[in-house]
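Shown below: upload_22.cif, with mmCIF, C-alpha atoms and all ligand atoms.
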```
data_final
loop_
_atom_site.label_atom_id
_atom_site.label_comp_id
_atom_site.auth_asym_id
_atom_site.auth_seq_id
_atom_site.Cartn_x
_atom_site.Cartn_y
_atom_site.Cartn_z
CA MET A 1 106.61 87.23 87.86
CA PRO A 2 103.24 88.40 86.44
CA LYS A 3 100.22 86.15 86.64
CA GLN A 4 100.06 83.75 83.70
CA LYS A 5 97.03 83.55 81.44
CA GLN A 6 95.31 80.18 81.72
CA PRO A 7 92.42 78.66 79.74
CA THR A 8 89.29 80.64 80.62
CA GLN A 9 87.59 78.99 83.58
CA ILE A 10 85.61 80.01 86.65
CA LEU A 11 88.05 80.21 89.55
CA LEU A 12 85.63 81.55 92.10
CA GLY A 13 86.18 79.95 95.45
CA PRO A 14 86.37 78.50 97.94
CA VAL A 15 82.65 77.88 97.82
CA PRO A 16 80.71 75.38 99.91
CA PRO A 17 79.95 72.11 98.11
CA ALA A 18 76.44 72.14 99.56
CA LEU A 19 74.38 69.02 100.14
CA ILE A 20 70.98 69.79 98.67
CA GLY A 21 68.02 67.86 100.04
CA CYS A 22 64.96 67.45 97.82
CA GLY A 23 61.87 65.32 97.28
CA LYS A 24 59.52 63.63 99.67
CA ASP A 25 59.46 60.23 101.37
CA GLU A 26 60.75 57.49 99.04
CA GLU A 27 61.63 60.14 96.42
CA SER A 28 63.91 61.97 98.91
CA ASN A 29 67.34 62.64 97.48
CA ILE A 30 70.58 64.53 98.04
CA ILE A 31 72.67 66.23 95.34
CA THR A 32 75.96 68.04 95.92
CA LEU A 33 76.06 71.50 94.34
CA ALA A 34 79.03 73.84 94.33
CA TRP A 35 77.16 76.37 92.19
CA VAL A 36 75.02 77.88 94.89
CA GLY A 37 75.00 81.68 95.30
CA VAL A 38 73.64 84.52 97.42
CA VAL A 39 71.58 86.96 95.32
CA ASN A 40 69.20 89.00 97.51
CA SER A 41 68.97 90.06 101.14
CA SER A 42 65.32 91.00 101.63
CA PRO A 43 63.75 88.58 101.06
CA PRO A 44 66.82 86.39 101.56
CA MET A 45 67.37 84.58 98.26
CA ILE A 46 69.88 82.15 96.86
CA THR A 47 70.41 80.47 93.51
CA ALA A 48 71.16 76.84 92.80
CA ALA A 49 72.45 75.85 89.34
CA VAL A 50 71.49 72.29 88.39
CA ARG A 51 72.12 70.44 85.13
CA PRO A 52 68.85 69.12 83.64
CA ASN A 53 70.20 65.55 83.47
CA ARG A 54 70.53 65.28 87.28
CA TYR A 55 67.86 63.12 88.92
CA SER A 56 67.34 65.97 91.43
CA HIS A 57 66.61 68.51 88.70
CA ASP A 58 63.07 67.38 87.94
CA ILE A 59 62.34 66.73 91.62
CA ILE A 60 63.23 70.34 92.52
CA ARG A 61 61.34 71.62 89.50
CA LYS A 62 58.24 69.61 90.39
CA THR A 63 58.18 70.21 94.15
CA GLY A 64 59.50 73.81 94.15
CA GLU A 65 61.48 73.12 97.31
CA PHE A 66 64.99 72.20 98.41
CA THR A 67 67.22 72.46 101.45
CA VAL A 68 70.84 73.62 101.59
CA ASN A 69 72.95 71.69 104.10
CA LEU A 70 76.57 72.63 104.78
CA ALA A 71 79.11 69.94 105.58
CA ARG A 72 82.09 70.12 107.92
CA ALA A 73 85.54 69.52 106.43
CA ASP A 74 85.57 66.08 108.06
CA GLN A 75 82.38 65.29 106.10
CA ALA A 76 84.07 65.73 102.68
CA GLY A 77 83.27 62.10 101.85
CA LEU A 78 79.54 62.84 102.11
CA ALA A 79 79.76 65.78 99.71
CA ASP A 80 81.81 63.73 97.26
CA GLY A 81 79.64 60.63 97.61
CA CYS A 82 76.37 62.51 97.08
CA GLY A 83 77.94 64.28 94.10
CA THR A 84 79.21 61.19 92.30
CA ARG A 85 76.24 58.85 92.65
CA SER A 86 72.69 59.28 91.44
CA GLY A 87 69.44 58.95 93.33
CA ARG A 88 68.20 57.05 90.28
CA ASP A 89 70.32 54.12 91.48
CA MET A 90 70.26 54.37 95.27
CA ASP A 91 68.73 55.92 98.36
CA LYS A 92 71.55 58.27 99.41
CA PHE A 93 70.09 58.82 102.89
CA GLU A 94 70.25 55.09 103.52
CA HIS A 95 73.57 54.51 101.74
CA PHE A 96 75.42 57.26 103.61
CA ASN A 97 73.59 56.63 106.88
CA LEU A 98 72.07 60.13 106.97
CA THR A 99 68.93 61.23 108.77
CA ALA A 100 66.20 63.14 106.94
CA VAL A 101 64.51 65.74 109.15
CA ARG A 102 61.67 68.03 108.18
CA GLY A 103 61.11 71.59 109.30
CA THR A 104 58.65 74.04 107.79
CA LEU A 105 58.68 72.81 104.20
CA ARG A 106 56.10 70.22 103.19
CA GLN A 107 58.48 68.06 101.23
CA ALA A 108 62.24 68.68 101.02
CA PRO A 109 64.20 67.08 103.89
CA MET A 110 67.13 68.57 105.76
CA ILE A 111 70.14 66.47 106.76
CA GLU A 112 70.44 66.14 110.52
CA GLU A 113 74.18 65.34 110.45
CA CYS A 114 75.09 68.69 108.77
CA PRO A 115 75.72 71.58 111.21
CA ILE A 116 73.90 74.23 109.14
CA SER A 117 70.69 73.85 107.13
CA MET A 118 68.46 76.25 105.22
CA GLU A 119 65.01 75.55 103.82
CA CYS A 120 64.32 77.12 100.43
CA ARG A 121 61.22 77.65 98.32
CA VAL A 122 61.72 78.13 94.58
CA GLU A 123 60.52 81.53 93.39
CA ARG A 124 61.50 81.41 89.71
CA LEU A 125 63.92 79.66 87.40
CA VAL A 126 66.05 80.53 84.41
CA GLU A 127 67.12 77.92 81.87
CA LEU A 128 70.65 78.68 80.70
CA GLU A 129 72.65 76.69 78.15
CA SER A 130 74.03 74.06 80.52
CA HIS A 131 72.22 74.61 83.84
CA THR A 132 68.79 75.52 85.18
CA VAL A 133 69.20 78.27 87.78
CA PHE A 134 66.64 78.04 90.57
CA PHE A 135 66.06 81.31 92.44
CA ALA A 136 64.72 80.49 95.89
CA ASN A 137 63.63 82.25 99.06
CA VAL A 138 65.38 81.04 102.19
CA VAL A 139 62.41 80.49 104.51
CA ALA A 140 64.14 79.03 107.58
CA THR A 141 67.70 78.60 108.89
CA TYR A 142 68.94 76.07 111.47
CA VAL A 143 72.30 75.76 113.23
CA ASP A 144 73.47 72.92 115.49
CA PRO A 145 73.81 74.41 119.02
CA ALA A 146 76.97 72.32 119.47
CA VAL A 147 78.78 74.81 117.20
CA THR A 148 77.35 78.10 118.51
CA ASP A 149 78.22 80.28 121.50
CA GLU A 150 75.74 81.51 124.10
CA LYS A 151 74.57 84.26 121.69
CA GLY A 152 73.94 81.81 118.87
CA ARG A 153 77.00 82.91 116.89
CA ILE A 154 78.76 80.19 114.94
CA ASP A 155 82.13 79.15 116.31
CA PHE A 156 84.03 78.39 113.10
CA GLU A 157 86.80 76.62 114.97
CA ARG A 158 84.30 74.07 116.28
CA CYS A 159 82.55 74.12 112.90
CA ARG A 160 85.29 73.92 110.26
CA LEU A 161 83.21 74.05 107.10
CA LEU A 162 84.09 72.21 103.91
CA GLY A 163 85.21 74.34 100.96
CA PHE A 164 85.68 73.56 97.28
CA CYS A 165 87.74 75.32 94.60
CA ALA A 166 89.06 74.30 91.18
CA GLY A 167 87.99 70.70 91.67
CA SER A 168 89.57 70.25 95.11
CA TYR A 169 88.13 70.07 98.61
CA LEU A 170 89.45 72.48 101.24
CA ASP A 171 89.34 72.83 104.97
CA THR A 172 88.40 76.32 106.22
CA ALA A 173 90.20 77.74 109.24
CA PRO A 174 88.89 80.87 110.97
CA LEU A 175 90.99 84.05 111.17
CA ASN A 176 88.92 85.32 114.10
CA LEU A 177 88.45 88.69 112.39
CA SER A 178 84.91 90.07 112.00
CA ILE A 179 83.50 92.25 109.24
CA GLY A 180 84.49 95.90 109.78
CA TYR A 181 87.42 95.07 112.03
CA THR A 182 89.67 97.45 110.07
CA VAL A 183 87.49 100.45 110.87
CA LYS A 184 86.38 99.56 114.39
CA GLU A 185 87.79 101.63 117.24
CA LYS A 186 90.28 99.79 119.36
C1 LIG B 1 81.91 68.91 94.64
C2 LIG B 1 80.80 68.73 93.63
C3 LIG B 1 80.10 69.83 93.17
C4 LIG B 1 79.05 69.69 92.24
N1 LIG B 1 78.36 70.78 91.82
C5 LIG B 1 77.33 70.64 90.94
C6 LIG B 1 76.57 71.79 90.54
O1 LIG B 1 76.79 72.92 90.99
N2 LIG B 1 75.55 71.58 89.65
C7 LIG B 1 75.23 70.34 89.15
O2 LIG B 1 74.30 70.20 88.35
N3 LIG B 1 75.95 69.24 89.54
C8 LIG B 1 76.98 69.36 90.42
N4 LIG B 1 77.69 68.25 90.83
C9 LIG B 1 77.36 66.94 90.26
C10 LIG B 1 76.16 66.24 90.95
O3 LIG B 1 76.24 66.36 92.35
C11 LIG B 1 76.17 64.75 90.55
O4 LIG B 1 75.96 64.64 89.15
C12 LIG B 1 75.16 63.90 91.32
O5 LIG B 1 75.54 62.56 91.19
C13 LIG B 1 73.74 64.09 90.83
O6 LIG B 1 72.91 63.38 91.70
P1 LIG B 1 71.37 63.00 91.32
O7 LIG B 1 71.42 62.33 89.96
O8 LIG B 1 70.97 62.08 92.44
O9 LIG B 1 70.60 64.27 91.29
C14 LIG B 1 78.72 68.39 91.76
C15 LIG B 1 79.43 67.27 92.21
C16 LIG B 1 80.46 67.43 93.16
C17 LIG B 1 81.19 66.22 93.66
#
```
Take the structure in the file and give it back as structure tokens.
Ligand SMILES: Cc1cc2nc3c(=O)[nH]c(=O)nc-3n(C[C@H](O)[C@H](O)[C@H](O)COP(=O)(O)O)c2cc1C
Amino acid sequence: MPKQKQPTQILLGPVPPALIGCGKDEESNIITLAWVGVVNSSPPMITAAVRPNRYSHDIIRKTGEFTVNLARADQAGLADGCGTRSGRDMDKFEHFNLTAVRGTLRQAPMIEECPISMECRVERLVELESHTVFFANVVATYVDPAVTDEKGRIDFERCRLLGFCAGSYLDTAPLNLSIGYTVKEK
């Protein structure tokens, strides 16, 4: 049977529903964003698409900083919780019992409980119809040593990351195949 045409929608996934840390001290907040993308390698850059009505939007715009924290599949509740409640009404670090840690950025906190974190400095932004797209340099990357091997490579069996596609959360299981495996000599 051929594929059936559906209402036009973005079915690009699985993507990580990233926990984005922003703000400083009592203004610290976390917003879940699925619309985070890789856009440049040197310097390493990503985009984050945020609706202007989010509490985090103006914080990121004002401070020019945010962190990207990836959750494990067993942390789906954190991604959902931080993406369905607003920092206008609660301190999400306190509510979800999360620890804010700071690295090289002056303001935006990372989340200690997430296995992977990146610190990002906003370089430019583009205001589209529904979302503001922040283009940011990734200035530092951190990985929990509990999920890496002796060479610092991530063990994706020990670190089953959370995925998201078409409104549903997914577990990600490794295939144990590395890039280029089809052309590597045996
Ligand atoms: C899985 C998931 C993905 C989301 N992705 C985005 C996104 O890419 N952009 C966005 O503006 N909001 C997104 N949201 C909605 C915000 O996370 C949500 O409105 C949040 O409560 C805003 O928090 P804040 O008001 O504290 O900033 C997502 C929510 C969930 C649960």
### Task
Write out as a PyMOL selection string which residues come within 9 Å of Cys22 in chain A when counting only C-alpha atoms, dropping same-chain ones fewer than 2 positions away.
chain A and resi 20+24+27-31+56+59-60+63+65-67+107-110
### Message
For ligand LIG 1 (chain B), return the neighbouring residues as a VMD selection string (distance at most 6 Å; all atoms listed in the file).
### Response
chain A and resid 17 31 to 35 49 to 51 54 to 56 80 82 to 87
### Task
One decimal, Å: what's the distance from CA of Gly163 in chain A over to CA of Leu19 in chain A, could you say?
12.1 Å
## Note on the structure
Between A:Ile179, A:Val138, A:Val147, A:Ala18, smallest distance to Ser41 in chain A by all atoms listed in the file belongs to A:Val138
### Message
I'd like to know which of A:Gly23, A:Pro7, A:Gly13, A:Gly180 is closest to Arg106 in chain A, using all atoms listed in the file.
### Response
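Ranking A:Gly23, A:Pro7, A:Gly13, A:Gly180 by distance to Arg106 in chain A, first place goes to A:Gly23.
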### Query
Could you work out how far CA of Cys114 in chain A lies from CA of His131 in chain A, giving the answer in Å with one decimal?
25.8 Å
### Task
Would you list the contacts of Val143 in chain A as an NGL selection string, taking every protein, DNA or RNA residue within 12 Å and counting only C-alpha atoms, but skipping same-chain residues closer than 6 positions in sequence?
:A and (68-71 or 110-119 or 149 or 152-155 or 159)
### Task
Calculate how many Å separate CA of Thr132 in chain A from CA of Thr104 in chain A, rounding to one decimal.
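So the answer is 24.8 Å.
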### Query
Within 6 Å of Phe134 in chain A, counting all atoms listed in the file, which residues qualify if same-chain residues fewer than 5 places away don't, as a list in words?
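Residues meeting the cut-off are Thr47, Ala48 and Leu125 of chain A.
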### Message
Calculated over all atoms listed in the file, which of the candidates A:Gly21, A:Lys62, A:Glu123, A:Ser130 has the smallest distance to Arg102 in chain A?
### Response
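The shortest atom-to-atom distance to Arg102 in chain A comes from A:Gly21.
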## Note on the structure
In terms of all atoms listed in the file, the residue from A:Gln4, A:Pro52, A:Leu177, A:Gly81 at minimal distance from Val126 in chain A is A:Pro52
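The closest residue to Ala100 in chain A, picked from A:Phe135, A:Asp25, A:Lys184, A:Pro16 and counting all atoms listed in the file, is A:Asp25.
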### Query
Which is closer to His95 in chain A than all the others in A:Cys165, A:Ala140, A:Val38, A:Leu78, using all atoms listed in the file?
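Smallest separation from His95 in chain A among the options: A:Leu78.
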Select range 87-104 of chain A in the preceding structure and write N, CA, C and O atoms to a file as a compact mmCIF listing (two decimals), in the first residue's frame.
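What follows is the written file part-v6.txt:
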```
# COMPACT_ATOMS: atom_id res chain seq x y z
N GLY A 87 7.38 28.95 34.59
CA GLY A 87 8.21 29.57 35.63
C GLY A 87 7.58 30.83 36.18
O GLY A 87 8.04 31.36 37.19
N ARG A 88 6.53 31.32 35.54
CA ARG A 88 5.80 32.48 36.11
C ARG A 88 5.11 32.07 37.41
O ARG A 88 4.87 32.90 38.27
N ASP A 89 4.78 30.77 37.51
CA ASP A 89 3.97 30.30 38.63
C ASP A 89 4.77 29.49 39.65
O ASP A 89 4.25 29.20 40.73
N MET A 90 5.94 29.04 39.30
CA MET A 90 6.68 28.17 40.23
C MET A 90 8.18 28.18 39.92
O MET A 90 8.59 28.56 38.82
N ASP A 91 8.94 27.77 40.92
CA ASP A 91 10.38 27.54 40.74
C ASP A 91 10.52 26.07 40.32
O ASP A 91 10.33 25.17 41.13
N LYS A 92 10.82 25.83 39.04
CA LYS A 92 10.85 24.44 38.55
C LYS A 92 12.02 23.66 39.13
O LYS A 92 11.93 22.44 39.31
N PHE A 93 13.12 24.32 39.44
CA PHE A 93 14.25 23.60 40.08
C PHE A 93 13.78 23.03 41.40
O PHE A 93 14.02 21.86 41.71
N GLU A 94 13.09 23.86 42.18
CA GLU A 94 12.63 23.42 43.50
C GLU A 94 11.52 22.37 43.35
O GLU A 94 11.56 21.30 43.98
N HIS A 95 10.56 22.64 42.49
CA HIS A 95 9.40 21.77 42.35
C HIS A 95 9.80 20.36 41.89
O HIS A 95 9.25 19.36 42.36
N PHE A 96 10.74 20.28 40.96
CA PHE A 96 11.14 18.97 40.44
C PHE A 96 12.40 18.44 41.10
O PHE A 96 12.99 17.46 40.64
N ASN A 97 12.81 19.12 42.19
CA ASN A 97 13.96 18.65 42.96
C ASN A 97 15.22 18.53 42.10
O ASN A 97 15.92 17.51 42.13
N LEU A 98 15.49 19.56 41.31
CA LEU A 98 16.65 19.56 40.41
C LEU A 98 17.71 20.52 40.94
O LEU A 98 17.40 21.49 41.64
N THR A 99 18.95 20.23 40.58
CA THR A 99 20.07 21.01 41.09
C THR A 99 20.64 21.89 39.99
O THR A 99 21.02 21.40 38.92
N ALA A 100 20.68 23.19 40.24
CA ALA A 100 21.27 24.13 39.28
C ALA A 100 22.77 24.18 39.50
O ALA A 100 23.23 24.38 40.62
N VAL A 101 23.52 23.93 38.43
CA VAL A 101 24.99 24.05 38.53
C VAL A 101 25.48 25.03 37.46
O VAL A 101 24.92 25.09 36.37
N ARG A 102 26.51 25.77 37.79
CA ARG A 102 27.02 26.74 36.82
C ARG A 102 28.41 26.34 36.35
O ARG A 102 29.22 25.79 37.09
N GLY A 103 28.64 26.59 35.07
CA GLY A 103 29.94 26.28 34.47
C GLY A 103 30.62 27.55 34.06
O GLY A 103 30.99 28.37 34.91
N THR A 104 30.75 27.77 32.75
CA THR A 104 31.48 28.95 32.28
C THR A 104 30.58 30.16 32.04
O THR A 104 31.07 31.28 32.00
```
